[in-house]
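The block underneath contains the structure these notes are about, expressed in structure tokens.
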Amino acid sequence: MKPLKELVRPNIWSLKPYSSARDEYSGFEATVFLDANENPFNPPYNRYPDPLQHELKEQLSVVKEVPAANIFLGNGSDEAIDLVFRVFCEPRVDNVVAISPTYGMYQVCAEINGVEYRTVSLDATYQFTADALLKACDVHTKVIFLCSPNNPTGNDLNRDEMVRLLSTFSGIVVIDEAYSDFSRQKPFRLELAQYPNLIVLNTFSKAWASAGIRLGMAYASTEIISLFNKVKYPYNVNLLTQQQALAMLRKRYDIDKWVASIMAERAHVMAAFADLTFCRQVYPTNANFFLARVDDAERVYNYLVRRGIIVRNRSRVALCDNCLRVTIGTQKENTQLMAALRQYQWEQK
Ligand SMILES: *Cc1c(COP(=O)(O)O)cnc(C)c1O
């Protein structure tokens with residue numbers, strides 16, 4: 001890895017961050033807070049939340065087995081993705097490299113930030129090689145984006161190739177593990193110590209069943225975490241979100257049960273889907289959704305919409321011609337989906 005200073009934008013490296021009232025005070029156990037121009041009425045909402053979410057990070061650290069000092073929390077993983085660009089990529093100079101197809105936010109964030117987004121196509125089995133990605137890099141490539149299990153394809157990326165990339169690329173490697181709870185592959189967040197150039201993304205939106213509270217995590221070296229903290233909005237994770245995330249962490253055994261139930265349902269739905277006459281292929285998955293190629297995805301999609309069932313039409317995505325992406329729901333929802341698809345099949349005769 002290059003020295004961090006060479007990878008970070010010069011203005012960010014030298015930035016003196018905004019210092020909030022709550023940042024400056026530390027030490028004595030205080031009871032009278034007259035430092036932040038808050039309203040003394042309406043507790044607890046009258047107070048600014050902890051800007052660095054200490055308690056939440058402590059609890060998360062236990063569950064995720066990542067030291068609290070290596071955790072950044074943001075308004076969804078989308079905030080962390082945006083910060084990657086704002087910290088490392090000089091607009092109109094630097095570029096990033098990513099696999100294709102993958103999660104759409106990397107490209108959107110690149111374009112918003114004026115950063116060239118280079119893609120390398122996955123192969124027919126939706127796998128990649130480190131060499132192919134490295135070939136797409138030049139001296140201005142600051143970041144490589146990987147997503148495993150990948151969205152929208154659902155599969156784990158080849159772990160040996162990810163390791164190869166982490167050990168040979170001299171810039172930052174982001175591995176988005178939004179779906180890792182549904183996979184049996186060893187998560188990279190447990191290997192932060194080996195790879196100073198690694199940023200792992202996680203979210204409360206999938207396995208933790210909390211997309212509505214907007215909470216995402218980035219795990220990285222303490223140096224990278226400090227850079228994120230320097231650039232983020234001072235109070236980027238609101239009080240309600242911090243409270244609700246703590247409540248979910250206390251319920252973590254329920255979450256394990258939900259994940260197990262989704263994985264069991266996934267096997268049933270995929271088998272049933274593969275039996276449909278208009279289904280050409282159901283792709284292997286390690287996430288809470290699967291990708292399936294059908295005859296005329298548009299037609300199937302519209303048929304389901306008319307019955308109030310929404311799946312994702314990925315037909316226009318690279319390598320996903322005529323593909324639908326189906327999220328695993330409750331048993332009842334999955335049964336409704338399959339009933340509608342069998343009706344469609346019958347009507348085609
Ligand atoms: C759903 C998803 C996320 C979650 O984003 P949030 O902003 O945390 O809701 C992140 N990465 C991928 C690949 C996803 O599919």
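Letters A, B, ... go to the chains of the structure tokens in the order shown; residues in each chain start at 1; ligands are counted from 1 in the same order.
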Check which residues fall inside 10 Å of ligand 1 when counting only C-alpha atoms and all ligand atoms, and print them as a ChimeraX atom specification. /A:74-81,102-106,146-152,154,175-179,201-206,210-217,287-289
Show me, as a PyMOL selection string, the residues that have an atom within 9 Å of segment 169-173 of chain A when counting only C-alpha atoms, minus same-chain residues fewer than 5 positions from it. chain A and resi 1-4+7+88+130+134+141-146+164+196-200
Got time to write the residues from that selection, all heavy atoms, as a short mmCIF file (atom, residue, chain, number, x, y, z; two decimals), in the first residue's frame?
```cif
data_model
loop_
_atom_site.label_atom_id
_atom_site.label_comp_id
_atom_site.auth_asym_id
_atom_site.auth_seq_id
_atom_site.Cartn_x
_atom_site.Cartn_y
_atom_site.Cartn_z
N MET A 1 0.85 -1.21 0.00
CA MET A 1 0.00 0.00 0.00
C MET A 1 0.88 1.25 0.00
O MET A 1 1.89 1.31 0.70
CB MET A 1 -0.87 -0.02 1.27
CG MET A 1 -1.83 1.14 1.38
SD MET A 1 -2.57 1.19 3.05
CE MET A 1 -3.50 2.70 2.99
N LYS A 2 0.46 2.24 -0.78
CA LYS A 2 1.15 3.54 -0.74
C LYS A 2 0.93 4.17 0.63
O LYS A 2 -0.05 3.87 1.30
CB LYS A 2 0.53 4.48 -1.79
CG LYS A 2 0.90 4.18 -3.22
CD LYS A 2 0.24 5.22 -4.12
CE LYS A 2 0.34 4.81 -5.58
NZ LYS A 2 -0.67 5.45 -6.41
N PRO A 3 1.82 5.10 1.04
CA PRO A 3 1.55 5.82 2.29
C PRO A 3 0.18 6.49 2.19
O PRO A 3 -0.18 7.02 1.13
CB PRO A 3 2.66 6.86 2.36
CG PRO A 3 3.73 6.37 1.43
CD PRO A 3 3.04 5.55 0.38
N LEU A 4 -0.58 6.47 3.30
CA LEU A 4 -1.94 6.99 3.29
C LEU A 4 -1.98 8.43 2.77
O LEU A 4 -2.89 8.83 2.05
CB LEU A 4 -2.54 6.89 4.70
CG LEU A 4 -4.05 6.97 4.82
CD1 LEU A 4 -4.75 5.94 3.94
CD2 LEU A 4 -4.48 6.81 6.27
N LEU A 7 -2.57 8.79 -0.79
CA LEU A 7 -3.86 8.34 -1.30
C LEU A 7 -4.98 9.34 -0.98
O LEU A 7 -6.00 9.37 -1.65
CB LEU A 7 -4.22 6.98 -0.69
CG LEU A 7 -3.35 5.80 -1.15
CD1 LEU A 7 -3.66 4.55 -0.32
CD2 LEU A 7 -3.57 5.51 -2.63
N PHE A 88 -10.76 10.26 -0.71
CA PHE A 88 -9.63 9.76 -1.49
C PHE A 88 -9.52 10.28 -2.92
O PHE A 88 -8.44 10.25 -3.50
CB PHE A 88 -9.66 8.22 -1.54
CG PHE A 88 -9.47 7.58 -0.19
CD1 PHE A 88 -10.54 6.99 0.49
CD2 PHE A 88 -8.22 7.58 0.41
CE1 PHE A 88 -10.36 6.41 1.74
CE2 PHE A 88 -8.03 7.00 1.66
CZ PHE A 88 -9.10 6.42 2.33
N ALA A 130 -8.29 -10.81 -9.97
CA ALA A 130 -7.54 -9.65 -9.50
C ALA A 130 -6.78 -9.01 -10.67
O ALA A 130 -6.75 -7.79 -10.82
CB ALA A 130 -6.58 -10.05 -8.39
N LEU A 134 -6.66 -5.15 -11.89
CA LEU A 134 -5.40 -4.39 -11.82
C LEU A 134 -5.03 -3.82 -13.18
O LEU A 134 -4.48 -2.72 -13.28
CB LEU A 134 -4.28 -5.29 -11.29
CG LEU A 134 -4.42 -5.67 -9.80
CD1 LEU A 134 -3.46 -6.78 -9.42
CD2 LEU A 134 -4.21 -4.43 -8.90
N THR A 141 -5.66 5.63 -10.05
CA THR A 141 -6.71 4.78 -9.46
C THR A 141 -6.52 4.73 -7.95
O THR A 141 -5.54 4.19 -7.45
CB THR A 141 -6.66 3.35 -10.04
OG1 THR A 141 -6.74 3.44 -11.47
CG2 THR A 141 -7.83 2.52 -9.50
N LYS A 142 -7.45 5.32 -7.24
CA LYS A 142 -7.34 5.38 -5.78
C LYS A 142 -8.05 4.22 -5.09
O LYS A 142 -7.63 3.77 -4.03
CB LYS A 142 -7.94 6.70 -5.27
CG LYS A 142 -7.15 7.94 -5.64
CD LYS A 142 -5.83 8.00 -4.89
CE LYS A 142 -5.07 9.29 -5.10
NZ LYS A 142 -5.73 10.46 -4.49
N VAL A 143 -9.16 3.77 -5.68
CA VAL A 143 -10.02 2.81 -4.98
C VAL A 143 -10.52 1.73 -5.95
O VAL A 143 -10.82 2.02 -7.10
CB VAL A 143 -11.27 3.53 -4.38
CG1 VAL A 143 -12.10 2.57 -3.54
CG2 VAL A 143 -10.88 4.75 -3.57
N ILE A 144 -10.60 0.49 -5.45
CA ILE A 144 -11.27 -0.59 -6.17
C ILE A 144 -12.47 -1.03 -5.33
O ILE A 144 -12.33 -1.24 -4.12
CB ILE A 144 -10.32 -1.78 -6.44
CG1 ILE A 144 -9.19 -1.36 -7.38
CG2 ILE A 144 -11.10 -2.96 -7.02
CD1 ILE A 144 -8.19 -2.47 -7.68
N PHE A 145 -13.63 -1.15 -5.97
CA PHE A 145 -14.85 -1.56 -5.28
C PHE A 145 -15.20 -3.02 -5.58
O PHE A 145 -15.34 -3.39 -6.75
CB PHE A 145 -16.04 -0.69 -5.71
CG PHE A 145 -16.07 0.66 -5.07
CD1 PHE A 145 -15.45 1.74 -5.68
CD2 PHE A 145 -16.70 0.86 -3.85
CE1 PHE A 145 -15.47 3.00 -5.07
CE2 PHE A 145 -16.73 2.10 -3.25
CZ PHE A 145 -16.11 3.18 -3.86
N LEU A 146 -15.37 -3.81 -4.51
CA LEU A 146 -15.87 -5.17 -4.64
C LEU A 146 -17.11 -5.29 -3.76
O LEU A 146 -17.25 -4.56 -2.77
CB LEU A 146 -14.83 -6.19 -4.16
CG LEU A 146 -13.51 -6.25 -4.91
CD1 LEU A 146 -12.58 -7.23 -4.21
CD2 LEU A 146 -13.73 -6.67 -6.36
N ARG A 164 -5.80 -11.75 -3.17
CA ARG A 164 -4.74 -11.36 -4.09
C ARG A 164 -4.80 -9.86 -4.38
O ARG A 164 -3.79 -9.15 -4.36
CB ARG A 164 -4.88 -12.15 -5.41
CG ARG A 164 -3.56 -12.29 -6.17
CD ARG A 164 -3.72 -12.94 -7.55
NE ARG A 164 -4.63 -14.06 -7.63
CZ ARG A 164 -4.32 -15.31 -7.33
NH1 ARG A 164 -3.12 -15.62 -6.90
NH2 ARG A 164 -5.21 -16.27 -7.44
N PRO A 196 -4.07 -2.96 5.70
CA PRO A 196 -4.27 -1.55 6.04
C PRO A 196 -5.03 -0.78 4.96
O PRO A 196 -5.55 0.31 5.22
CB PRO A 196 -2.83 -1.01 6.16
CG PRO A 196 -1.98 -1.98 5.41
CD PRO A 196 -2.65 -3.31 5.51
N ASN A 197 -5.13 -1.37 3.74
CA ASN A 197 -5.82 -0.67 2.65
C ASN A 197 -7.27 -1.13 2.50
O ASN A 197 -7.94 -0.78 1.53
CB ASN A 197 -5.08 -0.89 1.32
CG ASN A 197 -4.93 -2.35 0.95
OD1 ASN A 197 -5.03 -3.23 1.80
ND2 ASN A 197 -4.66 -2.61 -0.32
N LEU A 198 -7.77 -1.89 3.47
CA LEU A 198 -9.12 -2.47 3.36
C LEU A 198 -10.17 -1.61 4.06
O LEU A 198 -9.98 -1.17 5.20
CB LEU A 198 -9.11 -3.88 3.99
CG LEU A 198 -10.47 -4.58 4.18
CD1 LEU A 198 -11.16 -4.82 2.84
CD2 LEU A 198 -10.27 -5.92 4.91
N ILE A 199 -11.29 -1.37 3.37
CA ILE A 199 -12.48 -0.79 3.99
C ILE A 199 -13.63 -1.78 3.75
O ILE A 199 -13.91 -2.13 2.60
CB ILE A 199 -12.86 0.57 3.37
CG1 ILE A 199 -11.74 1.59 3.57
CG2 ILE A 199 -14.17 1.09 3.98
CD1 ILE A 199 -11.99 2.93 2.87
N VAL A 200 -14.24 -2.27 4.83
CA VAL A 200 -15.37 -3.19 4.70
C VAL A 200 -16.65 -2.43 5.02
O VAL A 200 -16.71 -1.69 6.00
CB VAL A 200 -15.23 -4.40 5.66
CG1 VAL A 200 -16.49 -5.27 5.63
CG2 VAL A 200 -14.01 -5.23 5.30
#
```
Extract the full set of strand (DSSP E or B) residues from segment 87-266 of chain A according to DSSP on the backbone, and format it as a PyMOL selection string. chain A and resi 95-100+116-121+141-147+172-176+198-203+216-219
Identify, on the basis of only C-alpha atoms, every residue whose closest approach to Ile71 of chain A does not exceed 7 Å; exclude the query and any residue fewer than 3 positions from it along the same chain; express the result as number ranges by chain. A: 57, 68, 217-220, 225
Put those residues in a file: N, CA and C atoms, as a short mmCIF file (atom, residue, chain, number, x, y, z; two decimals), in the first residue's frame.
```
data_model
loop_
_atom_site.label_atom_id
_atom_site.label_comp_id
_atom_site.auth_asym_id
_atom_site.auth_seq_id
_atom_site.Cartn_x
_atom_site.Cartn_y
_atom_site.Cartn_z
N LYS A 57 -21.13 1.89 19.17
CA LYS A 57 -19.93 1.22 18.65
C LYS A 57 -19.44 0.14 19.61
N ALA A 68 -14.00 -1.20 18.51
CA ALA A 68 -14.79 0.02 18.32
C ALA A 68 -14.00 1.10 17.58
N MET A 217 -22.28 0.82 8.37
CA MET A 217 -20.99 0.77 9.03
C MET A 217 -19.88 0.68 8.00
N ALA A 218 -18.73 1.27 8.34
CA ALA A 218 -17.49 1.00 7.60
C ALA A 218 -16.47 0.57 8.63
N TYR A 219 -15.74 -0.50 8.33
CA TYR A 219 -14.68 -0.97 9.21
C TYR A 219 -13.36 -0.76 8.48
N ALA A 220 -12.39 -0.16 9.16
CA ALA A 220 -11.11 0.11 8.51
C ALA A 220 -10.06 0.41 9.59
N ILE A 225 -10.48 5.55 9.63
CA ILE A 225 -11.67 5.95 10.40
C ILE A 225 -11.57 7.42 10.82
#
```
Can you tell me, as a short mmCIF file (atom, residue, chain, number, x, y, z; two decimals) with N, CA, C and O atoms, in the first residue's frame, what residues are no more than 10 Å from Ala193 of chain A when counting only C-alpha atoms, ignoring any on the same chain fewer than 6 positions away?
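Generated output (around.cif):
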```cif
data_model
loop_
_atom_site.label_atom_id
_atom_site.label_comp_id
_atom_site.auth_asym_id
_atom_site.auth_seq_id
_atom_site.Cartn_x
_atom_site.Cartn_y
_atom_site.Cartn_z
N VAL A 66 -15.22 -6.56 15.82
CA VAL A 66 -14.33 -5.53 15.27
C VAL A 66 -14.13 -4.50 16.39
O VAL A 66 -15.12 -4.06 16.98
N ASN A 70 -12.15 0.80 15.17
CA ASN A 70 -12.09 0.53 13.73
C ASN A 70 -13.45 0.65 13.06
O ASN A 70 -13.65 0.17 11.94
N ALA A 220 -12.39 -0.16 9.16
CA ALA A 220 -11.11 0.11 8.51
C ALA A 220 -10.06 0.41 9.59
O ALA A 220 -10.37 0.43 10.79
N SER A 221 -8.84 0.69 9.13
CA SER A 221 -7.77 1.06 10.06
C SER A 221 -8.20 2.31 10.83
O SER A 221 -9.01 3.10 10.34
#
```
Quick check, in Å to one decimal: how far apart do atom CA of Lys16 of chain A and atom CA of Val237 of chain A lie?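 Answer for the atom CA of Lys16 of chain A to atom CA of Val237 of chain A separation: 21.1 Å.
Minimum distance to Asn286 of chain A across A:Leu165, A:Val8, A:Met263, A:Ala207 (counting only C-alpha atoms) occurs at A:Met263.
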Which residues come within 12 Å of segment 258-260 of chain A, counting only C-alpha atoms, excluding same-chain residues fewer than 5 positions away, as a ChimeraX atom specification? /A:179-184,206-209,251-253,265-267,286-288,328-331
Next, the residues of the selection above should be written as a compact mmCIF listing (two decimals), in the first residue's frame with N, CA and C atoms.
```txt
# COMPACT_ATOMS: atom_id res chain seq x y z
N TYR A 179 -24.42 -8.18 2.51
CA TYR A 179 -25.18 -9.43 2.58
C TYR A 179 -24.41 -10.56 3.24
N SER A 180 -23.30 -10.27 3.90
CA SER A 180 -22.44 -11.36 4.39
C SER A 180 -23.12 -12.23 5.45
N ASP A 181 -24.15 -11.71 6.14
CA ASP A 181 -24.83 -12.54 7.14
C ASP A 181 -25.56 -13.73 6.50
N PHE A 182 -25.83 -13.64 5.20
CA PHE A 182 -26.55 -14.71 4.52
C PHE A 182 -25.59 -15.68 3.84
N SER A 183 -24.29 -15.46 3.99
CA SER A 183 -23.28 -16.25 3.32
C SER A 183 -22.46 -17.02 4.35
N ARG A 184 -21.87 -18.12 3.92
CA ARG A 184 -21.02 -18.88 4.84
C ARG A 184 -19.55 -18.54 4.65
N LYS A 206 -30.25 -4.94 5.91
CA LYS A 206 -30.58 -6.26 5.36
C LYS A 206 -30.80 -7.26 6.50
N ALA A 207 -29.78 -7.96 6.95
CA ALA A 207 -29.98 -8.97 8.01
C ALA A 207 -30.56 -8.34 9.28
N TRP A 208 -30.20 -7.10 9.57
CA TRP A 208 -30.66 -6.46 10.81
C TRP A 208 -32.05 -5.87 10.69
N ALA A 209 -32.66 -6.03 9.51
CA ALA A 209 -34.08 -5.70 9.32
C ALA A 209 -34.41 -4.27 9.72
N LYS A 251 -31.49 -7.54 20.62
CA LYS A 251 -32.32 -8.63 20.07
C LYS A 251 -31.55 -9.51 19.10
N ARG A 252 -30.22 -9.55 19.23
CA ARG A 252 -29.46 -10.18 18.16
C ARG A 252 -29.77 -11.65 17.94
N TYR A 253 -30.31 -12.34 18.95
CA TYR A 253 -30.62 -13.77 18.74
C TYR A 253 -31.88 -13.92 17.88
N GLU A 265 -36.08 -20.51 3.60
CA GLU A 265 -37.08 -20.11 2.60
C GLU A 265 -36.44 -19.96 1.22
N ARG A 266 -35.25 -19.37 1.22
CA ARG A 266 -34.53 -19.13 -0.04
C ARG A 266 -34.40 -20.42 -0.84
N ALA A 267 -34.03 -21.50 -0.17
CA ALA A 267 -33.85 -22.78 -0.87
C ALA A 267 -35.17 -23.24 -1.49
N ASN A 286 -25.76 -16.28 -2.33
CA ASN A 286 -25.35 -16.29 -0.93
C ASN A 286 -25.90 -15.06 -0.22
N ALA A 287 -27.04 -14.56 -0.75
CA ALA A 287 -27.64 -13.35 -0.20
C ALA A 287 -29.11 -13.61 0.13
N ASN A 288 -29.87 -12.58 0.49
CA ASN A 288 -31.29 -12.75 0.80
C ASN A 288 -32.16 -12.49 -0.43
N ILE A 328 -36.15 -12.56 -0.92
CA ILE A 328 -36.88 -13.56 -0.15
C ILE A 328 -37.73 -12.85 0.90
N GLY A 329 -39.04 -13.11 0.90
CA GLY A 329 -39.94 -12.49 1.86
C GLY A 329 -40.34 -13.47 2.95
N THR A 330 -41.48 -13.23 3.57
CA THR A 330 -42.02 -14.20 4.53
C THR A 330 -42.53 -15.40 3.72
N GLN A 331 -42.78 -16.49 4.42
CA GLN A 331 -43.31 -17.68 3.75
C GLN A 331 -44.60 -17.33 2.99
```
Compile the contact shell of Asp138 of chain A as a ChimeraX atom specification: residues with an atom at most 10 Å away, counting only C-alpha atoms, same-chain residues fewer than 6 positions apart removed. /A:94-97
Polymer residues at most 12 Å from Ile309 of chain A, only C-alpha atoms, same-chain spacing of 5 or more positions, as a ChimeraX atom specification: /A:300-304,326-327,329,333-341
Keeping N, CA, C and O atoms for every residue in the selection just given, could you write it to a file as a PDB file, in the first residue's frame?
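Below you can see result_34.pdb, which holds the result:
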```pdb
ATOM      1  N   VAL A 300     -43.073 -10.848 -17.448  1.00  0.00           N
ATOM      2  CA  VAL A 300     -43.285 -11.458 -16.124  1.00  0.00           C
ATOM      3  C   VAL A 300     -43.375 -10.351 -15.071  1.00  0.00           C
ATOM      4  O   VAL A 300     -44.261 -10.349 -14.213  1.00  0.00           O
ATOM      5  N   TYR A 301     -42.455  -9.389 -15.187  1.00  0.00           N
ATOM      6  CA  TYR A 301     -42.421  -8.278 -14.226  1.00  0.00           C
ATOM      7  C   TYR A 301     -43.763  -7.538 -14.214  1.00  0.00           C
ATOM      8  O   TYR A 301     -44.367  -7.319 -13.160  1.00  0.00           O
ATOM      9  N   ASN A 302     -44.243  -7.176 -15.411  1.00  0.00           N
ATOM     10  CA  ASN A 302     -45.496  -6.417 -15.501  1.00  0.00           C
ATOM     11  C   ASN A 302     -46.688  -7.228 -15.003  1.00  0.00           C
ATOM     12  O   ASN A 302     -47.586  -6.692 -14.361  1.00  0.00           O
ATOM     13  N   TYR A 303     -46.660  -8.528 -15.273  1.00  0.00           N
ATOM     14  CA  TYR A 303     -47.733  -9.401 -14.795  1.00  0.00           C
ATOM     15  C   TYR A 303     -47.794  -9.374 -13.269  1.00  0.00           C
ATOM     16  O   TYR A 303     -48.857  -9.240 -12.672  1.00  0.00           O
ATOM     17  N   LEU A 304     -46.620  -9.477 -12.654  1.00  0.00           N
ATOM     18  CA  LEU A 304     -46.579  -9.472 -11.186  1.00  0.00           C
ATOM     19  C   LEU A 304     -47.023  -8.120 -10.622  1.00  0.00           C
ATOM     20  O   LEU A 304     -47.758  -8.063  -9.636  1.00  0.00           O
ATOM     21  N   VAL A 326     -35.123 -11.370  -7.198  1.00  0.00           N
ATOM     22  CA  VAL A 326     -36.228 -11.653  -6.289  1.00  0.00           C
ATOM     23  C   VAL A 326     -35.719 -11.680  -4.848  1.00  0.00           C
ATOM     24  O   VAL A 326     -34.852 -12.491  -4.508  1.00  0.00           O
ATOM     25  N   THR A 327     -36.270 -10.806  -4.007  1.00  0.00           N
ATOM     26  CA  THR A 327     -35.935 -10.806  -2.580  1.00  0.00           C
ATOM     27  C   THR A 327     -36.758 -11.884  -1.885  1.00  0.00           C
ATOM     28  O   THR A 327     -37.930 -12.091  -2.226  1.00  0.00           O
ATOM     29  N   GLY A 329     -39.037 -13.113   0.896  1.00  0.00           N
ATOM     30  CA  GLY A 329     -39.940 -12.488   1.862  1.00  0.00           C
ATOM     31  C   GLY A 329     -40.340 -13.471   2.945  1.00  0.00           C
ATOM     32  O   GLY A 329     -39.623 -14.444   3.216  1.00  0.00           O
ATOM     33  N   GLU A 333     -45.574 -14.379   1.795  1.00  0.00           N
ATOM     34  CA  GLU A 333     -45.285 -13.559   0.609  1.00  0.00           C
ATOM     35  C   GLU A 333     -44.695 -14.408  -0.515  1.00  0.00           C
ATOM     36  O   GLU A 333     -45.046 -14.251  -1.694  1.00  0.00           O
ATOM     37  N   ASN A 334     -43.813 -15.327  -0.156  1.00  0.00           N
ATOM     38  CA  ASN A 334     -43.188 -16.176  -1.168  1.00  0.00           C
ATOM     39  C   ASN A 334     -44.219 -17.091  -1.824  1.00  0.00           C
ATOM     40  O   ASN A 334     -44.151 -17.354  -3.029  1.00  0.00           O
ATOM     41  N   THR A 335     -45.175 -17.555  -1.027  1.00  0.00           N
ATOM     42  CA  THR A 335     -46.242 -18.398  -1.564  1.00  0.00           C
ATOM     43  C   THR A 335     -47.100 -17.596  -2.543  1.00  0.00           C
ATOM     44  O   THR A 335     -47.465 -18.097  -3.608  1.00  0.00           O
ATOM     45  N   GLN A 336     -47.380 -16.326  -2.179  1.00  0.00           N
ATOM     46  CA  GLN A 336     -48.150 -15.465  -3.095  1.00  0.00           C
ATOM     47  C   GLN A 336     -47.408 -15.270  -4.413  1.00  0.00           C
ATOM     48  O   GLN A 336     -47.992 -15.310  -5.491  1.00  0.00           O
ATOM     49  N   LEU A 337     -46.102 -15.061  -4.309  1.00  0.00           N
ATOM     50  CA  LEU A 337     -45.279 -14.877  -5.519  1.00  0.00           C
ATOM     51  C   LEU A 337     -45.378 -16.118  -6.398  1.00  0.00           C
ATOM     52  O   LEU A 337     -45.647 -16.017  -7.608  1.00  0.00           O
ATOM     53  N   MET A 338     -45.167 -17.299  -5.797  1.00  0.00           N
ATOM     54  CA  MET A 338     -45.150 -18.525  -6.597  1.00  0.00           C
ATOM     55  C   MET A 338     -46.525 -18.815  -7.191  1.00  0.00           C
ATOM     56  O   MET A 338     -46.617 -19.277  -8.334  1.00  0.00           O
ATOM     57  N   ALA A 339     -47.600 -18.512  -6.437  1.00  0.00           N
ATOM     58  CA  ALA A 339     -48.952 -18.727  -6.968  1.00  0.00           C
ATOM     59  C   ALA A 339     -49.169 -17.852  -8.201  1.00  0.00           C
ATOM     60  O   ALA A 339     -49.683 -18.320  -9.225  1.00  0.00           O
ATOM     61  N   ALA A 340     -48.733 -16.601  -8.126  1.00  0.00           N
ATOM     62  CA  ALA A 340     -48.900 -15.691  -9.267  1.00  0.00           C
ATOM     63  C   ALA A 340     -48.076 -16.173 -10.464  1.00  0.00           C
ATOM     64  O   ALA A 340     -48.535 -16.118 -11.609  1.00  0.00           O
ATOM     65  N   LEU A 341     -46.868 -16.665 -10.201  1.00  0.00           N
ATOM     66  CA  LEU A 341     -46.013 -17.122 -11.304  1.00  0.00           C
ATOM     67  C   LEU A 341     -46.568 -18.386 -11.959  1.00  0.00           C
ATOM     68  O   LEU A 341     -46.477 -18.560 -13.178  1.00  0.00           O
TER      69      LEU A 341
END
```
Can you check which residues of segment 100-179 of chain A DSSP gives as helix (DSSP H, G or I) on the backbone and send them as a list in words?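 Of segment 100-179 of chain A, the ones in helix (DSSP H, G or I) are Met105, Tyr106, Gln107, Val108, Cys109, Ala110, Glu111, Ile112, Ala130, Asp131, Ala132, Leu133, Leu134, Lys135, Arg159, Asp160, Glu161, Met162, Val163, Arg164, Leu165, Leu166, Ser167 and Thr168 of chain A.
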Using only C-alpha atoms, which of A:Ser20, A:Ser261, A:Asn39, A:Asn322 sits nearest Pro234 of chain A?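 Of the candidates, the smallest distance to Pro234 of chain A is held by A:Ser20.
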Pick from A:Asp275, A:Asp23, A:Glu6, A:Glu111, whichever lies nearest to Val139 of chain A using only C-alpha atoms: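 Distance minimum relative to Val139 of chain A lands on A:Glu6.
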